[in-house]
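Encoded as structure tokens, the structure appears first; notes follow it.
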Number of protein chains: 2
Amino acid sequence: MKKLLLPTKTYRLNGRLWLETEDGRFLGIGRLELLQHIAELGSISKAAQAMGMSYKRAWDLVSSMNSQAATPLVSTQTGGAHGGGAVVTAAGHEAMEEFRAVQARFQEFMRTETSLLHG
Amino acid sequence: MKKLLLPTKTYRLNGRLWLETEDGRFLGIGRLELLQHIAELGSISKAAQAMGMSYKRAWDLVSSMNSQAATPLVSTQTGGAHGGGAVVTAAGHEAMEEFRAVQARFQEFMRTETSLLHG
């Protein structure tokens, strides 16, 4: 590839990775970020707000994740406007950890491939 | 991850990979497909048509690829409505081959990661 590359530009492999089922997306970077915000803020609506996402969109993402997991990743308490608090379950934390590990290996893959471009 | 997965569903890692510079995308699956069609059909407008893409869009993609490569990936002849013929250059064929190879390693990475999910 090297001779195809301009010395004046910086080339890198970039990409996106997600886990899916026949029902569609299950876990990806955006969903991981949503889980992180819910874990920090204890609320789906606050997490949505922090990400500039509608409450409906955040709720749909949580619902999609929960319905595709053996154990819900987020547990919600009813009550109040936009529901009560929300907690990332142990299963949710495990899913986050596992996806972060896959994502780290993907980053490593892209770094390696980027260095091969110049070989 | 295994205990988070429902036995009733099929889980797999999926993703997209592309090569970019500070100017944006340089090569990806869609651009590779466009190059393949241009190589087969000898024309940007026929390639665009085959992909259900506007001529302008196809031209912009070709222009973006050519301007980010040391040697143009597509060579065009002027003349007639929507220009004359277009040829994928030797550099273009090399870029296609290299990107296909990276893509194949990415598919292998995703297959491996998918099998690890169940470990």
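The chains in the structure tokens are called A, B, ... from first to last as shown; in each chain the residues are counted from 1, and the ligands are counted from 1 in the order shown.
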Chain B on chain A, least-squares, complete ordered Cα pairing, as a PDB file with C-alpha atoms, in the first residue's frame:
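Dumped everything to out-v8.pdb:
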```pdb
ATOM      1  CA  MET B   1      -0.010  -0.010  -0.018  1.00  0.00           C
ATOM      2  CA  LYS B   2       2.892   2.292   0.815  1.00  0.00           C
ATOM      3  CA  LYS B   3       3.492   3.607  -2.703  1.00  0.00           C
ATOM      4  CA  LEU B   4      -0.192   4.574  -2.972  1.00  0.00           C
ATOM      5  CA  LEU B   5       0.091   6.883   0.021  1.00  0.00           C
ATOM      6  CA  LEU B   6       0.951  10.575  -0.131  1.00  0.00           C
ATOM      7  CA  PRO B   7       3.807  11.548   2.185  1.00  0.00           C
ATOM      8  CA  THR B   8       1.891  14.738   3.007  1.00  0.00           C
ATOM      9  CA  LYS B   9      -1.073  12.912   4.571  1.00  0.00           C
ATOM     10  CA  THR B  10      -1.584  10.733   7.648  1.00  0.00           C
ATOM     11  CA  TYR B  11      -3.442   7.501   6.936  1.00  0.00           C
ATOM     12  CA  ARG B  12      -5.155   5.328   9.522  1.00  0.00           C
ATOM     13  CA  LEU B  13      -7.596   2.474   9.684  1.00  0.00           C
ATOM     14  CA  ASN B  14     -10.685   3.395  11.633  1.00  0.00           C
ATOM     15  CA  GLY B  15     -13.898   1.508  12.245  1.00  0.00           C
ATOM     16  CA  ARG B  16     -16.870   0.578  14.362  1.00  0.00           C
ATOM     17  CA  LEU B  17     -17.672  -2.689  16.048  1.00  0.00           C
ATOM     18  CA  TRP B  18     -20.923  -3.895  17.561  1.00  0.00           C
ATOM     19  CA  LEU B  19     -22.556  -7.043  18.876  1.00  0.00           C
ATOM     20  CA  GLU B  20     -25.812  -7.982  17.178  1.00  0.00           C
ATOM     21  CA  THR B  21     -28.468 -10.687  17.109  1.00  0.00           C
ATOM     22  CA  GLU B  22     -31.171 -11.477  14.573  1.00  0.00           C
ATOM     23  CA  ASP B  23     -33.172  -8.724  16.336  1.00  0.00           C
ATOM     24  CA  GLY B  24     -30.565  -6.079  15.428  1.00  0.00           C
ATOM     25  CA  ARG B  25     -27.943  -4.312  17.480  1.00  0.00           C
ATOM     26  CA  PHE B  26     -27.369  -5.496  21.035  1.00  0.00           C
ATOM     27  CA  LEU B  27     -24.225  -3.651  22.201  1.00  0.00           C
ATOM     28  CA  GLY B  28     -22.020  -1.014  20.588  1.00  0.00           C
ATOM     29  CA  ILE B  29     -20.029   2.088  21.444  1.00  0.00           C
ATOM     30  CA  GLY B  30     -23.126   4.302  21.844  1.00  0.00           C
ATOM     31  CA  ARG B  31     -24.947   1.775  24.017  1.00  0.00           C
ATOM     32  CA  LEU B  32     -21.815   1.297  26.123  1.00  0.00           C
ATOM     33  CA  GLU B  33     -21.625   5.058  26.627  1.00  0.00           C
ATOM     34  CA  LEU B  34     -25.292   5.109  27.626  1.00  0.00           C
ATOM     35  CA  LEU B  35     -24.705   2.357  30.201  1.00  0.00           C
ATOM     36  CA  GLN B  36     -21.736   4.306  31.586  1.00  0.00           C
ATOM     37  CA  HIS B  37     -23.885   7.413  31.998  1.00  0.00           C
ATOM     38  CA  ILE B  38     -26.727   5.471  33.619  1.00  0.00           C
ATOM     39  CA  ALA B  39     -24.234   3.872  36.031  1.00  0.00           C
ATOM     40  CA  GLU B  40     -22.858   7.321  36.937  1.00  0.00           C
ATOM     41  CA  LEU B  41     -26.139   9.241  37.076  1.00  0.00           C
ATOM     42  CA  GLY B  42     -28.554   6.567  38.296  1.00  0.00           C
ATOM     43  CA  SER B  43     -31.210   7.676  35.832  1.00  0.00           C
ATOM     44  CA  ILE B  44     -32.070   7.026  32.190  1.00  0.00           C
ATOM     45  CA  SER B  45     -33.387  10.554  31.689  1.00  0.00           C
ATOM     46  CA  LYS B  46     -30.247  12.166  33.159  1.00  0.00           C
ATOM     47  CA  ALA B  47     -28.087   9.847  31.053  1.00  0.00           C
ATOM     48  CA  ALA B  48     -30.078  10.792  27.936  1.00  0.00           C
ATOM     49  CA  GLN B  49     -29.702  14.471  28.768  1.00  0.00           C
ATOM     50  CA  ALA B  50     -25.937  14.108  29.296  1.00  0.00           C
ATOM     51  CA  MET B  51     -25.655  12.523  25.848  1.00  0.00           C
ATOM     52  CA  GLY B  52     -27.941  14.992  24.071  1.00  0.00           C
ATOM     53  CA  MET B  53     -30.305  12.115  23.314  1.00  0.00           C
ATOM     54  CA  SER B  54     -34.092  12.058  23.703  1.00  0.00           C
ATOM     55  CA  TYR B  55     -35.510  10.154  26.673  1.00  0.00           C
ATOM     56  CA  LYS B  56     -37.481   7.971  24.263  1.00  0.00           C
ATOM     57  CA  ARG B  57     -34.336   7.053  22.337  1.00  0.00           C
ATOM     58  CA  ALA B  58     -32.448   6.181  25.534  1.00  0.00           C
ATOM     59  CA  TRP B  59     -35.374   4.129  26.786  1.00  0.00           C
ATOM     60  CA  ASP B  60     -35.612   2.264  23.470  1.00  0.00           C
ATOM     61  CA  LEU B  61     -31.894   1.460  23.612  1.00  0.00           C
ATOM     62  CA  VAL B  62     -32.173   0.186  27.202  1.00  0.00           C
ATOM     63  CA  SER B  63     -35.237  -1.837  26.276  1.00  0.00           C
ATOM     64  CA  SER B  64     -33.429  -3.319  23.264  1.00  0.00           C
ATOM     65  CA  MET B  65     -30.409  -4.296  25.394  1.00  0.00           C
ATOM     66  CA  ASN B  66     -32.539  -5.774  28.181  1.00  0.00           C
ATOM     67  CA  SER B  67     -34.653  -7.849  25.793  1.00  0.00           C
ATOM     68  CA  GLN B  68     -31.573  -9.350  24.128  1.00  0.00           C
ATOM     69  CA  ALA B  69     -29.791 -10.314  27.370  1.00  0.00           C
ATOM     70  CA  ALA B  70     -30.338 -13.346  29.585  1.00  0.00           C
ATOM     71  CA  THR B  71     -30.516 -10.939  32.556  1.00  0.00           C
ATOM     72  CA  PRO B  72     -31.513  -7.254  32.206  1.00  0.00           C
ATOM     73  CA  LEU B  73     -28.477  -4.939  31.924  1.00  0.00           C
ATOM     74  CA  VAL B  74     -30.437  -2.036  33.439  1.00  0.00           C
ATOM     75  CA  SER B  75     -32.986  -2.291  36.213  1.00  0.00           C
ATOM     76  CA  THR B  76     -35.547   0.504  36.539  1.00  0.00           C
ATOM     77  CA  GLN B  77     -37.764   1.644  39.356  1.00  0.00           C
ATOM     78  CA  THR B  78     -41.110   3.122  38.422  1.00  0.00           C
ATOM     79  CA  GLY B  79     -42.471   6.406  39.863  1.00  0.00           C
ATOM     80  CA  GLY B  80     -42.414  10.137  39.126  1.00  0.00           C
ATOM     81  CA  ALA B  81     -42.136  11.906  35.796  1.00  0.00           C
ATOM     82  CA  HIS B  82     -39.885   9.975  33.417  1.00  0.00           C
ATOM     83  CA  GLY B  83     -39.814   7.100  35.904  1.00  0.00           C
ATOM     84  CA  GLY B  84     -37.698   6.642  39.015  1.00  0.00           C
ATOM     85  CA  GLY B  85     -34.046   5.706  39.196  1.00  0.00           C
ATOM     86  CA  ALA B  86     -32.203   3.233  37.029  1.00  0.00           C
ATOM     87  CA  VAL B  87     -29.347   0.935  38.000  1.00  0.00           C
ATOM     88  CA  VAL B  88     -26.848  -0.905  35.841  1.00  0.00           C
ATOM     89  CA  THR B  89     -27.040  -4.490  37.100  1.00  0.00           C
ATOM     90  CA  ALA B  90     -24.102  -6.829  37.724  1.00  0.00           C
ATOM     91  CA  ALA B  91     -24.868  -8.356  34.319  1.00  0.00           C
ATOM     92  CA  GLY B  92     -24.776  -4.854  32.823  1.00  0.00           C
ATOM     93  CA  HIS B  93     -21.382  -4.157  34.375  1.00  0.00           C
ATOM     94  CA  GLU B  94     -20.088  -7.464  33.078  1.00  0.00           C
ATOM     95  CA  ALA B  95     -21.399  -6.682  29.582  1.00  0.00           C
ATOM     96  CA  MET B  96     -19.683  -3.270  29.712  1.00  0.00           C
ATOM     97  CA  GLU B  97     -16.404  -4.830  30.797  1.00  0.00           C
ATOM     98  CA  GLU B  98     -16.535  -7.502  28.112  1.00  0.00           C
ATOM     99  CA  PHE B  99     -17.428  -5.070  25.367  1.00  0.00           C
ATOM    100  CA  ARG B 100     -14.626  -2.710  26.464  1.00  0.00           C
ATOM    101  CA  ALA B 101     -12.201  -5.629  26.221  1.00  0.00           C
ATOM    102  CA  VAL B 102     -13.376  -6.507  22.684  1.00  0.00           C
ATOM    103  CA  GLN B 103     -13.167  -2.829  21.756  1.00  0.00           C
ATOM    104  CA  ALA B 104      -9.595  -2.633  23.097  1.00  0.00           C
ATOM    105  CA  ARG B 105      -8.587  -5.626  20.948  1.00  0.00           C
ATOM    106  CA  PHE B 106     -10.264  -3.947  17.966  1.00  0.00           C
ATOM    107  CA  GLN B 107      -8.249  -0.760  18.595  1.00  0.00           C
ATOM    108  CA  GLU B 108      -5.110  -2.908  18.718  1.00  0.00           C
ATOM    109  CA  PHE B 109      -6.127  -4.595  15.437  1.00  0.00           C
ATOM    110  CA  MET B 110      -6.559  -1.186  13.778  1.00  0.00           C
ATOM    111  CA  ARG B 111      -3.222   0.065  15.129  1.00  0.00           C
ATOM    112  CA  THR B 112      -1.471  -3.010  13.750  1.00  0.00           C
ATOM    113  CA  GLU B 113      -3.180  -2.702  10.369  1.00  0.00           C
ATOM    114  CA  THR B 114      -2.345   1.000  10.222  1.00  0.00           C
ATOM    115  CA  SER B 115       1.339   0.249  10.801  1.00  0.00           C
ATOM    116  CA  LEU B 116       1.220  -2.463   8.092  1.00  0.00           C
ATOM    117  CA  LEU B 117       0.003   0.156   5.575  1.00  0.00           C
ATOM    118  CA  HIS B 118       3.421   1.756   5.670  1.00  0.00           C
ATOM    119  CA  GLY B 119       5.298  -1.544   5.427  1.00  0.00           C
TER     120      GLY B 119
END
```
Problem set entry | Backbone DSSP call of alpha helix (DSSP H) for range 39-106 of chain B, listed as a PyMOL selection string | chain B and resi 39-41+44-50+55-67+90-106
For this session: Would you list, as a ChimeraX atom specification, the residues of chain A that end up in strand (DSSP E or B) under DSSP run on this structure's backbone?
Result: /A:5,12-21,24-28,69,74-76,86-88
